[in-house]
file entry_31.cif (mmCIF, C-alpha atoms)
data_model
loop_
_atom_site.label_atom_id
_atom_site.label_comp_id
_atom_site.auth_asym_id
_atom_site.auth_seq_id
_atom_site.Cartn_x
_atom_site.Cartn_y
_atom_site.Cartn_z
CA GLY F 21 0.85 -17.86 -3.88
CA GLU F 22 -0.18 -14.26 -4.21
CA ASP F 23 0.50 -12.18 -7.28
CA VAL F 24 -1.12 -9.02 -8.62
CA GLU F 25 -0.59 -7.77 -12.16
CA GLN F 26 -1.33 -4.39 -13.69
CA SER F 27 -0.39 -2.68 -16.92
CA LEU F 28 2.26 -0.03 -16.29
CA PHE F 29 0.94 2.92 -18.29
CA LEU F 30 -2.36 4.44 -19.36
CA SER F 31 -2.87 7.68 -21.23
CA VAL F 32 -6.29 9.29 -21.65
CA ARG F 33 -7.71 12.58 -22.82
CA GLU F 34 -9.10 14.99 -20.27
CA GLY F 35 -12.84 14.45 -19.89
CA ASP F 36 -12.72 10.84 -21.09
CA SER F 37 -13.12 7.80 -18.85
CA SER F 38 -10.07 5.94 -17.61
CA VAL F 39 -10.17 2.20 -17.00
CA ILE F 40 -7.35 0.62 -15.05
CA ASN F 41 -7.23 -3.16 -14.95
CA CYS F 42 -5.78 -5.61 -12.48
CA THR F 43 -5.59 -9.38 -12.17
CA TYR F 44 -4.83 -11.33 -9.01
CA THR F 45 -4.16 -14.97 -8.22
CA ASP F 46 -5.15 -15.55 -4.59
CA SER F 47 -8.62 -17.07 -4.68
CA SER F 48 -8.95 -16.54 -0.92
CA SER F 49 -8.69 -12.76 -1.29
CA THR F 50 -11.41 -11.11 0.72
CA TYR F 51 -10.77 -7.46 0.02
CA LEU F 52 -9.44 -5.72 -3.06
CA TYR F 53 -8.27 -2.14 -2.91
CA TRP F 54 -7.39 0.74 -5.15
CA TYR F 55 -4.80 3.24 -3.96
CA LYS F 56 -3.59 6.45 -5.58
CA GLN F 57 -0.04 7.77 -5.23
CA GLU F 58 0.92 11.26 -6.30
CA PRO F 59 4.58 12.28 -6.68
CA GLY F 60 6.42 12.42 -3.38
CA ALA F 61 3.39 11.27 -1.42
CA GLY F 62 2.18 8.16 0.35
CA LEU F 63 -0.71 5.95 -0.73
CA GLN F 64 -4.22 7.33 -0.64
CA LEU F 65 -7.01 4.77 -0.26
CA LEU F 66 -9.51 5.45 -3.03
CA THR F 67 -11.95 2.62 -2.61
CA TYR F 68 -12.19 -1.09 -1.88
CA ILE F 69 -14.53 -3.92 -2.69
CA PHE F 70 -15.40 -7.02 -0.76
CA SER F 71 -15.01 -10.25 -2.68
CA ASN F 72 -18.73 -11.10 -2.61
CA MET F 73 -19.58 -7.92 -4.51
CA ASP F 74 -19.57 -7.41 -8.27
CA MET F 75 -19.57 -3.64 -8.41
CA LYS F 76 -19.12 -0.63 -6.22
CA GLN F 77 -19.67 2.98 -7.22
CA ASP F 78 -18.41 6.03 -5.39
CA GLN F 79 -18.92 9.35 -7.19
CA ARG F 80 -16.65 9.27 -10.27
CA LEU F 81 -15.17 5.90 -9.33
CA THR F 82 -16.62 2.53 -10.33
CA VAL F 83 -15.01 -0.73 -9.30
CA LEU F 84 -15.90 -3.93 -11.12
CA LEU F 85 -14.93 -7.35 -9.81
CA ASN F 86 -15.04 -10.58 -11.79
CA LYS F 87 -14.20 -13.15 -9.16
CA LYS F 88 -14.31 -16.07 -11.58
CA ASP F 89 -11.57 -14.51 -13.73
CA LYS F 90 -9.88 -12.82 -10.75
CA HIS F 91 -10.10 -9.51 -12.57
CA LEU F 92 -10.60 -6.11 -11.01
CA SER F 93 -11.02 -2.77 -12.73
CA LEU F 94 -11.24 0.85 -11.70
CA ARG F 95 -13.13 3.26 -13.90
CA ILE F 96 -12.65 6.99 -13.41
CA ALA F 97 -15.36 8.99 -15.13
CA ASP F 98 -14.66 12.46 -16.56
CA THR F 99 -10.91 12.19 -15.95
CA GLN F 100 -9.28 15.43 -14.81
CA THR F 101 -5.67 16.60 -14.67
CA GLY F 102 -5.74 16.06 -10.90
CA ASP F 103 -6.25 12.37 -11.53
CA SER F 104 -2.68 12.09 -12.86
CA ALA F 105 -0.95 9.66 -10.51
CA ILE F 106 0.09 6.05 -10.09
CA TYR F 107 -2.78 3.72 -9.21
CA PHE F 108 -2.15 0.55 -7.26
CA CYS F 109 -4.38 -2.45 -7.02
CA ALA F 110 -3.95 -4.54 -3.86
CA GLU F 111 -5.45 -7.69 -2.43
CA SER F 112 -5.64 -9.00 1.09
CA SER F 113 -6.80 -12.22 2.65
CA PRO F 114 -6.99 -13.70 6.15
CA ARG F 115 -4.51 -16.30 4.97
CA ALA F 116 -1.85 -13.87 3.74
CA GLN F 117 -2.49 -11.27 6.44
CA LYS F 118 -0.87 -8.58 4.37
CA LEU F 119 -1.58 -6.40 1.37
CA VAL F 120 -0.12 -7.63 -1.91
CA PHE F 121 0.28 -4.82 -4.44
CA GLY F 122 0.48 -4.68 -8.19
CA GLN F 123 3.27 -2.74 -9.88
CA GLY F 124 1.10 0.32 -10.28
CA THR F 125 -0.40 1.95 -13.38
CA ARG F 126 0.83 5.43 -14.24
CA LEU F 127 -2.14 7.44 -15.50
CA THR F 128 -1.31 10.39 -17.74
CA ILE F 129 -3.93 12.91 -18.77
CA ASN F 130 -3.65 14.64 -22.13
CA PRO F 131 -5.30 18.04 -22.63
CA LYS I 16 -9.22 12.78 13.06
CA ALA I 17 -5.47 12.75 12.50
CA GLY I 18 -4.10 10.41 9.88
CA VAL I 19 -1.07 8.17 9.97
CA THR I 20 2.06 10.08 10.93
CA GLN I 21 5.51 8.95 9.89
CA THR I 22 8.71 10.60 11.06
CA PRO I 23 11.07 11.71 9.82
CA ARG I 24 9.94 12.44 6.24
CA TYR I 25 13.46 12.39 4.83
CA LEU I 26 16.66 10.80 6.02
CA ILE I 27 20.17 10.51 4.64
CA LYS I 28 22.45 7.90 6.15
CA THR I 29 25.85 6.42 5.36
CA ARG I 30 26.47 2.77 4.57
CA GLY I 31 26.98 0.74 7.73
CA GLN I 32 24.93 3.02 9.93
CA GLN I 33 21.59 2.12 11.45
CA VAL I 34 18.31 3.96 11.29
CA THR I 35 15.02 4.01 13.19
CA LEU I 36 11.77 5.11 11.59
CA SER I 37 8.60 5.90 13.48
CA CYS I 38 4.91 5.48 12.71
CA SER I 39 1.95 6.73 14.73
CA PRO I 40 -1.27 5.05 13.57
CA ILE I 41 -4.74 6.52 13.50
CA SER I 42 -6.18 6.71 16.99
CA GLY I 43 -7.88 3.43 17.86
CA HIS I 44 -6.09 1.42 15.18
CA ARG I 45 -4.18 -1.55 16.54
CA SER I 46 -2.56 -2.92 13.40
CA VAL I 47 0.53 -1.35 11.87
CA SER I 48 2.19 -2.71 8.74
CA TRP I 49 5.40 -1.60 7.08
CA TYR I 50 6.19 -1.64 3.37
CA GLN I 51 9.27 -0.80 1.35
CA GLN I 52 8.77 0.91 -2.00
CA THR I 53 11.53 0.99 -4.61
CA PRO I 54 11.39 1.63 -8.36
CA GLY I 55 12.70 -1.84 -9.11
CA GLN I 56 10.77 -4.00 -6.66
CA GLY I 57 7.61 -1.96 -6.14
CA LEU I 58 5.81 -2.26 -2.81
CA GLN I 59 7.17 -5.07 -0.68
CA PHE I 60 5.73 -6.15 2.68
CA LEU I 61 8.15 -5.93 5.61
CA PHE I 62 6.15 -6.86 8.70
CA GLU I 63 2.90 -6.35 10.55
CA TYR I 64 2.22 -5.73 14.22
CA PHE I 65 -1.03 -6.12 16.07
CA SER I 66 -1.36 -5.44 19.81
CA GLU I 67 2.43 -5.30 20.24
CA THR I 68 2.98 -8.69 18.58
CA GLN I 69 4.55 -9.30 15.20
CA ARG I 70 1.92 -11.30 13.31
CA ASN I 71 3.53 -11.54 9.90
CA LYS I 72 6.92 -10.96 8.35
CA GLY I 73 8.04 -10.52 4.75
CA ASN I 74 11.16 -11.83 3.04
CA PHE I 75 13.68 -9.33 4.30
CA PRO I 76 17.01 -9.99 6.05
CA GLY I 77 17.30 -9.86 9.82
CA ARG I 78 18.80 -6.37 9.56
CA PHE I 79 15.21 -5.19 9.30
CA SER I 80 13.34 -5.31 12.57
CA GLY I 81 10.45 -3.59 14.22
CA ARG I 82 8.36 -3.28 17.31
CA GLN I 83 5.08 -1.90 18.49
CA PHE I 84 4.38 -0.11 21.73
CA SER I 85 1.34 -0.32 23.99
CA ASN I 86 -0.05 2.88 22.44
CA SER I 87 0.14 1.17 19.00
CA ARG I 88 2.95 3.39 17.78
CA SER I 89 5.50 1.41 15.85
CA GLU I 90 9.15 1.72 14.97
CA MET I 91 11.21 -0.08 12.42
CA ASN I 92 14.96 -0.35 12.54
CA VAL I 93 17.45 -1.12 9.82
CA SER I 94 20.98 -1.94 10.89
CA THR I 95 24.18 -2.01 8.85
CA LEU I 96 22.63 0.01 6.06
CA GLU I 97 23.35 -0.89 2.45
CA LEU I 98 22.94 1.25 -0.66
CA GLY I 99 20.05 -0.99 -1.71
CA ASP I 100 18.08 0.00 1.39
CA SER I 101 17.43 3.39 -0.18
CA ALA I 102 13.66 3.48 -0.56
CA LEU I 103 10.39 5.00 0.53
CA TYR I 104 9.24 3.25 3.69
CA LEU I 105 5.51 3.31 4.16
CA CYS I 106 3.49 2.53 7.23
CA ALA I 107 -0.15 1.43 7.10
CA SER I 108 -2.64 1.60 9.94
CA SER I 109 -5.83 -0.42 10.27
CA LEU I 110 -8.36 -1.38 12.92
CA ALA I 111 -7.88 -5.09 12.54
CA LEU I 112 -5.55 -7.56 10.91
CA PRO I 113 -5.15 -7.34 7.13
CA GLY I 114 -7.63 -9.57 5.36
CA ARG I 115 -10.33 -8.89 7.92
CA ASN I 116 -13.10 -6.33 7.64
CA THR I 117 -10.79 -3.35 7.60
CA GLU I 118 -9.35 -0.56 5.51
CA ALA I 119 -5.65 0.21 5.56
CA PHE I 120 -4.54 3.84 5.60
CA PHE I 121 -1.03 4.87 4.74
CA GLY I 122 1.24 7.60 5.99
CA GLN I 123 3.27 9.91 3.75
CA GLY I 124 6.30 7.71 4.13
CA THR I 125 9.92 8.19 5.10
CA ARG I 126 12.33 8.64 2.21
CA LEU I 127 15.61 6.98 3.20
CA THR I 128 18.71 7.62 1.15
CA VAL I 129 21.84 5.61 1.89
CA VAL I 130 25.09 7.09 0.56
#

call {"tool": "encode", "arguments": {"input": "entry_31.cif", "output": "structure tokens"}}
result
Amino acid sequence: GEDVEQSLFLSVREGDSSVINCTYTDSSSTYLYWYKQEPGAGLQLLTYIFSNMDMKQDQRLTVLLNKKDKHLSLRIADTQTGDSAIYFCAESSPRAQKLVFGQGTRLTINP
Amino acid sequence: KAGVTQTPRYLIKTRGQQVTLSCSPISGHRSVSWYQQTPGQGLQFLFEYFSETQRNKGNFPGRFSGRQFSNSRSEMNVSTLELGDSALYLCASSLALPGRNTEAFFGQGTRLTVV
């Protein structure tokens, strides 16, 4: 079946890098996504990675995928107060035909 | 281009009533998915429509239903509301079916409170 796990909380100092981790179980997953949710808002698509890639970089964001271990991470460089939010990892596959989300990681930035 | 539009943003209903939520996808997108978000259960998949056909359904009771129109706009309906239906309902729009070469974009959601 499909299952996605994330740690619930992460606290970092402003200016440091944040690394949010995620594990998934569906080996047929084709796309893995990172979404950001700010209070009272919907989900904002940050980035995604195709399953045949190991890494994707987009400005301050770096996604690493270890397909063998089914482990995905999101690194935010130079973390700012505006990065405070809940970050969701999600997987999708042609078999499941839906997005399966992790529980979300609440990122808190300390001054 | 305009993003995904969900209406209304907030809704308060009484137990036993029914409610209809609306989602207008990004122009050109044919797939609309619905998710329920609650503090206890997180994000749970409700159903997905593509070209007016329901392609996939989550594990929700029959009180939850939906449809998609020829212009790709979608509605979901919840009948005989229960307190536990209080949640943020999110709609996602994508070009193709989930799992294919596509990105899914979400609306701001409809916050439903059942009293």

call {"tool": "resolve_selection", "arguments": {"input": "entry_31.cif", "expression": "the PyMOL selection byres ((chain F) within 12 of (chain I))", "output": "PyMOL selection string"}}
result
chain F and resi 23-26+28+46+48-71+106+108-125

call {"tool": "residues_near_point", "arguments": {"input": "entry_31.cif", "point": "(5.8, -0.2, 14.3)", "cutoff": "7 Å", "atoms": "all atoms listed in the file", "output": "list in words"}}
result
Ser37, Cys38, Val47, Tyr64, Gly81, Arg82, Gln83, Arg88, Ser89, Glu90 and Met91 of chain I

call {"tool": "atom_distance", "arguments": {"input": "entry_31.cif", "atom1": "CA of Gly102 in chain F", "atom2": "CA of Thr82 in chain F"}}
result
17.4 Å

call {"tool": "residues_around", "arguments": {"input": "entry_31.cif", "residues": "Asn41 in chain F", "least_positions_apart": "6", "cutoff": "8 Å", "atoms": "all atoms listed in the file", "output": "list of chain:residue names"}}
result
F:Gln26, F:Ser27, F:His91, F:Leu92, F:Ser93, F:Leu94

call {"tool": "resolve_selection", "arguments": {"input": "entry_31.cif", "expression": "the PyMOL selection byres ((chain F and resi 103) around 12)", "output": "ChimeraX atom specification"}}
result
/F:30-38,55-59,66,80-81,95-102,104-107,126-130

call {"tool": "atom_distance", "arguments": {"input": "entry_31.cif", "atom1": "CA of Val130 in chain I", "atom2": "CA of Thr53 in chain I"}}
result
15.7 Å

call {"tool": "resolve_selection", "arguments": {"input": "entry_31.cif", "expression": "the PyMOL selection byres ((chain F and resi 90) around 8)", "output": "ChimeraX atom specification"}}
result
/F:43-45,47,85-89,91-92

call {"tool": "atom_distance", "arguments": {"input": "entry_31.cif", "atom1": "CA of Thr128 in chain I", "atom2": "CA of Gln69 in chain I"}}
result
26.2 Å

call {"tool": "closest_residue", "arguments": {"input": "entry_31.cif", "among": "I:Gln51, I:Ser101, I:Ser85, I:Asn74", "to": "Ser39 in chain I", "atoms": "all atoms listed in the file"}}
result
I:Ser85

call {"tool": "build_atoms", "arguments": {"input": "entry_31.cif", "residues": "range 99-111 of chain F", "atoms": "N, CA, C and O atoms", "output": "PDB file, keeping the file's coordinate frame"}}
result
ATOM      1  N   THR F  99     -12.267  12.082 -16.491  1.00  0.00           N
ATOM      2  CA  THR F  99     -10.910  12.190 -15.950  1.00  0.00           C
ATOM      3  C   THR F  99     -10.389  13.621 -16.035  1.00  0.00           C
ATOM      4  O   THR F  99     -10.496  14.278 -17.064  1.00  0.00           O
ATOM      5  N   GLN F 100      -9.820  14.080 -14.921  1.00  0.00           N
ATOM      6  CA  GLN F 100      -9.280  15.430 -14.810  1.00  0.00           C
ATOM      7  C   GLN F 100      -7.768  15.398 -14.622  1.00  0.00           C
ATOM      8  O   GLN F 100      -7.197  14.368 -14.280  1.00  0.00           O
ATOM      9  N   THR F 101      -7.135  16.553 -14.796  1.00  0.00           N
ATOM     10  CA  THR F 101      -5.670  16.600 -14.670  1.00  0.00           C
ATOM     11  C   THR F 101      -5.232  16.197 -13.266  1.00  0.00           C
ATOM     12  O   THR F 101      -4.159  15.626 -13.073  1.00  0.00           O
ATOM     13  N   GLY F 102      -6.063  16.463 -12.263  1.00  0.00           N
ATOM     14  CA  GLY F 102      -5.740  16.060 -10.900  1.00  0.00           C
ATOM     15  C   GLY F 102      -5.759  14.573 -10.665  1.00  0.00           C
ATOM     16  O   GLY F 102      -5.327  14.098  -9.614  1.00  0.00           O
ATOM     17  N   ASP F 103      -6.240  13.822 -11.648  1.00  0.00           N
ATOM     18  CA  ASP F 103      -6.250  12.370 -11.530  1.00  0.00           C
ATOM     19  C   ASP F 103      -4.915  11.759 -11.954  1.00  0.00           C
ATOM     20  O   ASP F 103      -4.708  10.545 -11.810  1.00  0.00           O
ATOM     21  N   SER F 104      -4.018  12.586 -12.476  1.00  0.00           N
ATOM     22  CA  SER F 104      -2.680  12.090 -12.860  1.00  0.00           C
ATOM     23  C   SER F 104      -1.966  11.561 -11.626  1.00  0.00           C
ATOM     24  O   SER F 104      -1.793  12.279 -10.639  1.00  0.00           O
ATOM     25  N   ALA F 105      -1.572  10.313 -11.677  1.00  0.00           N
ATOM     26  CA  ALA F 105      -0.950   9.660 -10.510  1.00  0.00           C
ATOM     27  C   ALA F 105      -0.631   8.227 -10.891  1.00  0.00           C
ATOM     28  O   ALA F 105      -0.885   7.791 -12.019  1.00  0.00           O
ATOM     29  N   ILE F 106      -0.083   7.501  -9.928  1.00  0.00           N
ATOM     30  CA  ILE F 106       0.090   6.050 -10.090  1.00  0.00           C
ATOM     31  C   ILE F 106      -1.007   5.385  -9.269  1.00  0.00           C
ATOM     32  O   ILE F 106      -1.227   5.741  -8.103  1.00  0.00           O
ATOM     33  N   TYR F 107      -1.688   4.429  -9.867  1.00  0.00           N
ATOM     34  CA  TYR F 107      -2.780   3.720  -9.210  1.00  0.00           C
ATOM     35  C   TYR F 107      -2.370   2.281  -8.937  1.00  0.00           C
ATOM     36  O   TYR F 107      -1.926   1.567  -9.835  1.00  0.00           O
ATOM     37  N   PHE F 108      -2.521   1.892  -7.679  1.00  0.00           N
ATOM     38  CA  PHE F 108      -2.150   0.550  -7.260  1.00  0.00           C
ATOM     39  C   PHE F 108      -3.386  -0.254  -6.905  1.00  0.00           C
ATOM     40  O   PHE F 108      -4.262   0.210  -6.175  1.00  0.00           O
ATOM     41  N   CYS F 109      -3.391  -1.458  -7.399  1.00  0.00           N
ATOM     42  CA  CYS F 109      -4.380  -2.450  -7.020  1.00  0.00           C
ATOM     43  C   CYS F 109      -3.736  -3.293  -5.921  1.00  0.00           C
ATOM     44  O   CYS F 109      -2.526  -3.569  -5.974  1.00  0.00           O
ATOM     45  N   ALA F 110      -4.497  -3.704  -4.926  1.00  0.00           N
ATOM     46  CA  ALA F 110      -3.950  -4.540  -3.860  1.00  0.00           C
ATOM     47  C   ALA F 110      -5.008  -5.523  -3.397  1.00  0.00           C
ATOM     48  O   ALA F 110      -6.210  -5.241  -3.433  1.00  0.00           O
ATOM     49  N   GLU F 111      -4.537  -6.690  -2.966  1.00  0.00           N
ATOM     50  CA  GLU F 111      -5.450  -7.690  -2.430  1.00  0.00           C
ATOM     51  C   GLU F 111      -5.022  -8.036  -1.011  1.00  0.00           C
ATOM     52  O   GLU F 111      -3.857  -7.901  -0.642  1.00  0.00           O
TER      53      GLU F 111
END
